[in-house]
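Participant: Pasting a structure below so you can have a look.
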Amino acid sequence: MIQMCWLPDKFGISRKVRNKIEEDYELYLEGLPNDLPGFVIDRYGFDISGSYSSQRIKIVFGKASGQLSMTEEQVRRDGEDGLGFVVLKTVIAQDSKGKRTMEEWAVPYSRMLPEKIRGKSGKLGWTITWKGRGWSGTFEQYLDLMQKTLKISRKSNMLIVPSCIFHLPDADEKWKIEEYQYTLEKFLEVWRQTNPQTPIILEKSFSPTLAGSERADKKETIIYWLANITKIIKSRIGKIELGIKVMNAGFEDEFQVEMLKTLSVAKPSPDFIVYGNRLFDPDRTFDGVRGVAYGGPDLSTRNLRVLSSVCRLQYLNQFPDLPPINATGDIHSGRMALEYILRGVTSCQMHTFFQLPVSEYPMRFGTRTVRALHGLIFSPADGLIAGMQYCKERWGSLLDSEKLSITQISALHKKEEFSKEVLDVIKEN
């Protein structure tokens, strides 16, 4: 059986380092260091920068597309608070006449509800429930947001990434190429105003609500989309770093593995993958709408299980190399982030963890972003520093240098000695 958790319930690290972490945890309850990544390098020797596609980001954590990345002010605050990247709310592609084939995904949200949720394992977590889907404003308003936030990006050294849902054909349909062409041209036009020398970076999103629609009720249709979507987009635009945000389809784990393999061998393959979008409950009702996307422990359990299966197959030389992976799904601690990173992930995007009631964060002051970063980095029990120290003490002999980095940890799964330790490569339930 593949081990689900590759990290122990408690980080058994040296008392001296634990004391430092506990001291800093208490010291920064009222405000983070001005240069958080620099502080962690100087005090602990840990590089907590990550990468999003080919781009280096100053800290491994960023904000996923959603209601928290819809305004210029939201993005400005996140830049000031020190996030590595922000993915803008997902817009729906359109043609030059304003027609959107995926119009039903442009639904405004009415309210968001943070809820505790218990997974099948019995673990408690959080999910955010809302009625909306993609960007409900005009396309011109989205381009204006993109332009303003790209300027913020230059000042704050925080990567900004637009996100888009494009037309996906049914079995008897053709691709609506005119929607791809117009939308991509407008994206590129805005991008070049701020970044004339660099490729545009874009997330193509497969909405979690897609999993509950008739469009995605056949495996062969989904595979057809994944096999062709990168070619469709890259043939319409020049320099682009394209990421595919993969949904959790309503099928078994083996199909999720097949989805990832399809993207990996596609010609061309995407430049990066975001894995994996929220689960979907077709029977739950919220605000009069039947069918709700949700997160929490079941989401991280499934995502880690699928990525573990991929690691196992790669160890057996039965799976191709994946493009760089940006993780999403129930990332509520440095420990959970490291579980993803140990499976080859190079950055983590979150949404729910930035929306909890303020009483759920130990930090006494600051925005939810600052409070979240405090726990993610400094928690003595589940923080990133404590987890990286455990990795250093446990697998130090496999590391390439004394200064430990997120990049080194994400590469551990490729080392045979590590794979033998964490995977049972003889059989799998």
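Ordering of the structure tokens sets the chain letters (A, B, ...), residue numbers begin anew at 1 in every chain, and ligands are numbered from 1 in the order given.
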Name all residues at most 10 Å from range 219-236 of chain A (count only C-alpha atoms; drop same-chain ones fewer than 3 positions away) and give them as a ChimeraX atom specification.

Facilitator: /A:166-171,175,177-178,180-185,204,206,211,215-216,239-244,246,249-251,255,258-271

Participant: Which neighbours of range 120-136 of chain A fall inside 6 Å, counting only C-alpha atoms, when residues of the same chain fewer than 4 positions from it are skipped, and could you give them as a ChimeraX atom specification?

Facilitator: /A:90-91,105-109,111-116,294-297,352

Participant: Those residues with N, CA and C atoms, as a CSV table (one decimal), in the first residue's frame please?

Facilitator:
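Okay, this is what ended up in part.csv:
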```
chain,number,residue,atom,x,y,z
A,90,THR,N,-11.2,33.8,-12.0
A,90,THR,CA,-11.3,33.2,-13.4
A,90,THR,C,-12.4,33.9,-14.2
A,91,VAL,N,-11.9,34.4,-15.4
A,91,VAL,CA,-12.8,35.0,-16.3
A,91,VAL,C,-13.3,34.0,-17.4
A,105,TRP,N,-21.0,29.7,-16.6
A,105,TRP,CA,-20.0,29.8,-15.5
A,105,TRP,C,-19.7,31.2,-15.1
A,106,ALA,N,-20.4,32.2,-15.7
A,106,ALA,CA,-20.2,33.6,-15.2
A,106,ALA,C,-21.3,33.9,-14.3
A,107,VAL,N,-21.4,33.3,-13.1
A,107,VAL,CA,-22.4,33.5,-12.1
A,107,VAL,C,-21.9,34.2,-11.0
A,108,PRO,N,-22.5,35.4,-10.6
A,108,PRO,CA,-22.0,36.1,-9.5
A,108,PRO,C,-22.3,35.4,-8.2
A,109,TYR,N,-21.4,35.6,-7.2
A,109,TYR,CA,-21.6,35.0,-5.9
A,109,TYR,C,-22.5,35.9,-5.0
A,111,ARG,N,-23.0,35.1,-1.4
A,111,ARG,CA,-22.3,35.1,-0.1
A,111,ARG,C,-21.4,33.9,0.0
A,112,MET,N,-20.4,34.0,0.9
A,112,MET,CA,-19.5,32.9,1.2
A,112,MET,C,-19.7,32.4,2.6
A,113,LEU,N,-19.6,31.1,2.8
A,113,LEU,CA,-19.9,30.5,4.1
A,113,LEU,C,-18.7,29.6,4.5
A,114,PRO,N,-17.9,30.0,5.5
A,114,PRO,CA,-16.9,29.1,6.0
A,114,PRO,C,-17.5,28.1,6.9
A,115,GLU,N,-17.2,26.8,6.6
A,115,GLU,CA,-17.8,25.7,7.4
A,115,GLU,C,-16.7,24.7,7.8
A,116,LYS,N,-16.9,24.2,9.0
A,116,LYS,CA,-16.1,23.0,9.4
A,116,LYS,C,-16.6,21.8,8.6
A,294,TYR,N,-16.5,21.5,-2.9
A,294,TYR,CA,-16.1,21.6,-1.5
A,294,TYR,C,-14.6,21.1,-1.4
A,295,GLY,N,-14.0,21.5,-0.3
A,295,GLY,CA,-12.7,21.1,0.0
A,295,GLY,C,-12.6,20.3,1.3
A,296,GLY,N,-11.5,20.6,2.1
A,296,GLY,CA,-11.3,19.9,3.3
A,296,GLY,C,-10.5,18.7,3.2
A,297,PRO,N,-10.5,17.8,4.3
A,297,PRO,CA,-9.6,16.7,4.4
A,297,PRO,C,-9.8,15.7,3.2
A,352,THR,N,-9.2,28.7,0.8
A,352,THR,CA,-10.0,28.6,2.0
A,352,THR,C,-9.2,29.1,3.2
```

Participant: Determine which residues of range 183-236 of chain A receive a DSSP assignment of helix (DSSP H, G or I), computed from the backbone, and state them as a PyMOL selection string.

Facilitator: chain A and resi 183-194+208-212+214-216+219-234

Participant: When you count only C-alpha atoms, which of these residues is closest to Arg100 in chain A: A:Lys176, A:His351, A:Arg368, A:Arg77?

Facilitator: A:Lys176

Participant: For the strand (DSSP E) assignment from backbone DSSP, which residues of range 171-416 of chain A qualify? Please present them as a PDB file with N, CA and C atoms, in the first residue's frame.

Facilitator:
```
ATOM      1  N   ILE A 200       3.605  35.717 -21.535  1.00  0.00           N
ATOM      2  CA  ILE A 200       2.446  35.799 -20.670  1.00  0.00           C
ATOM      3  C   ILE A 200       2.277  34.477 -19.924  1.00  0.00           C
ATOM      4  N   ILE A 201       1.900  34.564 -18.662  1.00  0.00           N
ATOM      5  CA  ILE A 201       1.632  33.375 -17.852  1.00  0.00           C
ATOM      6  C   ILE A 201       0.130  33.293 -17.646  1.00  0.00           C
ATOM      7  N   LEU A 202      -0.448  32.116 -17.869  1.00  0.00           N
ATOM      8  CA  LEU A 202      -1.900  31.966 -17.818  1.00  0.00           C
ATOM      9  C   LEU A 202      -2.278  30.617 -17.230  1.00  0.00           C
ATOM     10  N   GLU A 203      -3.272  30.648 -16.346  1.00  0.00           N
ATOM     11  CA  GLU A 203      -3.907  29.411 -15.881  1.00  0.00           C
ATOM     12  C   GLU A 203      -5.169  29.178 -16.682  1.00  0.00           C
ATOM     13  N   LYS A 204      -5.226  28.036 -17.358  1.00  0.00           N
ATOM     14  CA  LYS A 204      -6.483  27.611 -17.978  1.00  0.00           C
ATOM     15  C   LYS A 204      -7.183  26.710 -16.968  1.00  0.00           C
ATOM     16  N   SER A 205      -8.319  27.158 -16.466  1.00  0.00           N
ATOM     17  CA  SER A 205      -8.998  26.466 -15.374  1.00  0.00           C
ATOM     18  C   SER A 205     -10.048  25.489 -15.874  1.00  0.00           C
ATOM     19  N   ILE A 240       3.996  32.082 -24.473  1.00  0.00           N
ATOM     20  CA  ILE A 240       3.086  31.880 -23.352  1.00  0.00           C
ATOM     21  C   ILE A 240       3.594  30.756 -22.469  1.00  0.00           C
ATOM     22  N   GLU A 241       3.470  30.940 -21.154  1.00  0.00           N
ATOM     23  CA  GLU A 241       3.672  29.852 -20.207  1.00  0.00           C
ATOM     24  C   GLU A 241       2.286  29.471 -19.715  1.00  0.00           C
ATOM     25  N   LEU A 242       1.836  28.313 -20.147  1.00  0.00           N
ATOM     26  CA  LEU A 242       0.458  27.891 -19.928  1.00  0.00           C
ATOM     27  C   LEU A 242       0.380  26.803 -18.867  1.00  0.00           C
ATOM     28  N   GLY A 243      -0.494  27.040 -17.896  1.00  0.00           N
ATOM     29  CA  GLY A 243      -0.764  26.028 -16.890  1.00  0.00           C
ATOM     30  C   GLY A 243      -2.185  25.530 -16.993  1.00  0.00           C
ATOM     31  N   ILE A 244      -2.382  24.254 -16.765  1.00  0.00           N
ATOM     32  CA  ILE A 244      -3.717  23.655 -16.775  1.00  0.00           C
ATOM     33  C   ILE A 244      -4.102  23.323 -15.334  1.00  0.00           C
ATOM     34  N   LYS A 245      -5.181  23.930 -14.854  1.00  0.00           N
ATOM     35  CA  LYS A 245      -5.696  23.650 -13.517  1.00  0.00           C
ATOM     36  C   LYS A 245      -6.638  22.474 -13.613  1.00  0.00           C
ATOM     37  N   PHE A 272       3.093  24.056 -17.013  1.00  0.00           N
ATOM     38  CA  PHE A 272       2.928  23.646 -15.626  1.00  0.00           C
ATOM     39  C   PHE A 272       1.511  23.142 -15.415  1.00  0.00           C
ATOM     40  N   ILE A 273       1.301  22.462 -14.300  1.00  0.00           N
ATOM     41  CA  ILE A 273      -0.003  21.913 -13.939  1.00  0.00           C
ATOM     42  C   ILE A 273      -0.369  22.418 -12.551  1.00  0.00           C
ATOM     43  N   VAL A 274      -1.623  22.799 -12.361  1.00  0.00           N
ATOM     44  CA  VAL A 274      -2.150  23.102 -11.037  1.00  0.00           C
ATOM     45  C   VAL A 274      -3.020  21.924 -10.625  1.00  0.00           C
ATOM     46  N   TYR A 275      -2.660  21.283  -9.495  1.00  0.00           N
ATOM     47  CA  TYR A 275      -3.375  20.077  -9.087  1.00  0.00           C
ATOM     48  C   TYR A 275      -3.705  20.124  -7.603  1.00  0.00           C
ATOM     49  N   LEU A 279     -13.372  19.081  -4.895  1.00  0.00           N
ATOM     50  CA  LEU A 279     -14.305  17.998  -5.133  1.00  0.00           C
ATOM     51  C   LEU A 279     -15.695  18.576  -5.384  1.00  0.00           C
ATOM     52  N   PHE A 280     -16.597  17.746  -5.902  1.00  0.00           N
ATOM     53  CA  PHE A 280     -17.937  18.225  -6.226  1.00  0.00           C
ATOM     54  C   PHE A 280     -18.981  17.261  -5.680  1.00  0.00           C
ATOM     55  N   ASP A 281     -19.951  17.826  -4.952  1.00  0.00           N
ATOM     56  CA  ASP A 281     -21.057  17.049  -4.399  1.00  0.00           C
ATOM     57  C   ASP A 281     -22.325  17.408  -5.170  1.00  0.00           C
ATOM     58  N   PRO A 282     -22.806  16.513  -6.053  1.00  0.00           N
ATOM     59  CA  PRO A 282     -23.961  16.853  -6.888  1.00  0.00           C
ATOM     60  C   PRO A 282     -25.274  16.912  -6.122  1.00  0.00           C
ATOM     61  N   ASP A 283     -25.297  16.387  -4.900  1.00  0.00           N
ATOM     62  CA  ASP A 283     -26.545  16.295  -4.154  1.00  0.00           C
ATOM     63  C   ASP A 283     -26.734  17.398  -3.121  1.00  0.00           C
ATOM     64  N   ARG A 284     -25.670  18.104  -2.794  1.00  0.00           N
ATOM     65  CA  ARG A 284     -25.792  19.137  -1.772  1.00  0.00           C
ATOM     66  C   ARG A 284     -26.376  20.415  -2.365  1.00  0.00           C
ATOM     67  N   THR A 285     -27.213  21.117  -1.574  1.00  0.00           N
ATOM     68  CA  THR A 285     -27.850  22.352  -2.015  1.00  0.00           C
ATOM     69  C   THR A 285     -27.362  23.518  -1.171  1.00  0.00           C
ATOM     70  N   PHE A 286     -27.070  24.653  -1.834  1.00  0.00           N
ATOM     71  CA  PHE A 286     -26.651  25.862  -1.134  1.00  0.00           C
ATOM     72  C   PHE A 286     -27.264  27.061  -1.831  1.00  0.00           C
ATOM     73  N   VAL A 289     -29.156  26.449  -4.988  1.00  0.00           N
ATOM     74  CA  VAL A 289     -28.454  25.809  -6.098  1.00  0.00           C
ATOM     75  C   VAL A 289     -28.067  24.387  -5.703  1.00  0.00           C
ATOM     76  N   ARG A 290     -28.395  23.438  -6.540  1.00  0.00           N
ATOM     77  CA  ARG A 290     -28.056  22.042  -6.280  1.00  0.00           C
ATOM     78  C   ARG A 290     -26.716  21.704  -6.934  1.00  0.00           C
ATOM     79  N   GLY A 291     -25.821  21.139  -6.152  1.00  0.00           N
ATOM     80  CA  GLY A 291     -24.489  20.828  -6.636  1.00  0.00           C
ATOM     81  C   GLY A 291     -23.484  21.839  -6.125  1.00  0.00           C
ATOM     82  N   VAL A 292     -22.567  21.396  -5.256  1.00  0.00           N
ATOM     83  CA  VAL A 292     -21.642  22.304  -4.567  1.00  0.00           C
ATOM     84  C   VAL A 292     -20.222  21.743  -4.610  1.00  0.00           C
ATOM     85  N   ALA A 293     -19.266  22.606  -4.932  1.00  0.00           N
ATOM     86  CA  ALA A 293     -17.856  22.230  -4.830  1.00  0.00           C
ATOM     87  C   ALA A 293     -17.410  22.389  -3.381  1.00  0.00           C
ATOM     88  N   TYR A 294     -16.524  21.507  -2.935  1.00  0.00           N
ATOM     89  CA  TYR A 294     -16.085  21.572  -1.537  1.00  0.00           C
ATOM     90  C   TYR A 294     -14.643  21.109  -1.410  1.00  0.00           C
ATOM     91  N   ILE A 325       4.585  21.315 -10.990  1.00  0.00           N
ATOM     92  CA  ILE A 325       3.257  21.259 -10.386  1.00  0.00           C
ATOM     93  C   ILE A 325       3.103  22.327  -9.319  1.00  0.00           C
ATOM     94  N   ASN A 326       2.001  23.052  -9.403  1.00  0.00           N
ATOM     95  CA  ASN A 326       1.571  23.981  -8.369  1.00  0.00           C
ATOM     96  C   ASN A 326       0.396  23.305  -7.663  1.00  0.00           C
ATOM     97  N   ALA A 327       0.506  23.135  -6.364  1.00  0.00           N
ATOM     98  CA  ALA A 327      -0.507  22.372  -5.622  1.00  0.00           C
ATOM     99  C   ALA A 327      -1.614  23.268  -5.106  1.00  0.00           C
ATOM    100  N   THR A 328      -2.819  22.704  -5.018  1.00  0.00           N
ATOM    101  CA  THR A 328      -3.927  23.351  -4.347  1.00  0.00           C
ATOM    102  C   THR A 328      -4.802  22.264  -3.744  1.00  0.00           C
ATOM    103  N   VAL A 345       5.941  18.917  -5.873  1.00  0.00           N
ATOM    104  CA  VAL A 345       5.313  20.220  -6.058  1.00  0.00           C
ATOM    105  C   VAL A 345       6.322  21.333  -5.782  1.00  0.00           C
ATOM    106  N   THR A 346       6.220  22.447  -6.508  1.00  0.00           N
ATOM    107  CA  THR A 346       7.176  23.547  -6.340  1.00  0.00           C
ATOM    108  C   THR A 346       6.549  24.825  -5.790  1.00  0.00           C
ATOM    109  N   SER A 347       5.231  24.872  -5.659  1.00  0.00           N
ATOM    110  CA  SER A 347       4.556  26.011  -5.032  1.00  0.00           C
ATOM    111  C   SER A 347       3.138  25.603  -4.668  1.00  0.00           C
ATOM    112  N   CYS A 348       2.522  26.381  -3.771  1.00  0.00           N
ATOM    113  CA  CYS A 348       1.200  26.025  -3.239  1.00  0.00           C
ATOM    114  C   CYS A 348       0.276  27.235  -3.299  1.00  0.00           C
ATOM    115  N   GLN A 349      -0.924  27.038  -3.815  1.00  0.00           N
ATOM    116  CA  GLN A 349      -1.916  28.105  -3.822  1.00  0.00           C
ATOM    117  C   GLN A 349      -3.099  27.713  -2.958  1.00  0.00           C
ATOM    118  N   MET A 350      -3.627  28.694  -2.220  1.00  0.00           N
ATOM    119  CA  MET A 350      -4.683  28.448  -1.239  1.00  0.00           C
ATOM    120  C   MET A 350      -5.797  29.463  -1.415  1.00  0.00           C
ATOM    121  N   LEU A 404      19.076  24.195   3.063  1.00  0.00           N
ATOM    122  CA  LEU A 404      17.937  23.445   2.546  1.00  0.00           C
ATOM    123  C   LEU A 404      16.953  24.391   1.851  1.00  0.00           C
ATOM    124  N   SER A 405      16.410  23.948   0.713  1.00  0.00           N
ATOM    125  CA  SER A 405      15.456  24.759  -0.037  1.00  0.00           C
ATOM    126  C   SER A 405      14.224  23.932  -0.384  1.00  0.00           C
TER     127      SER A 405
END
```
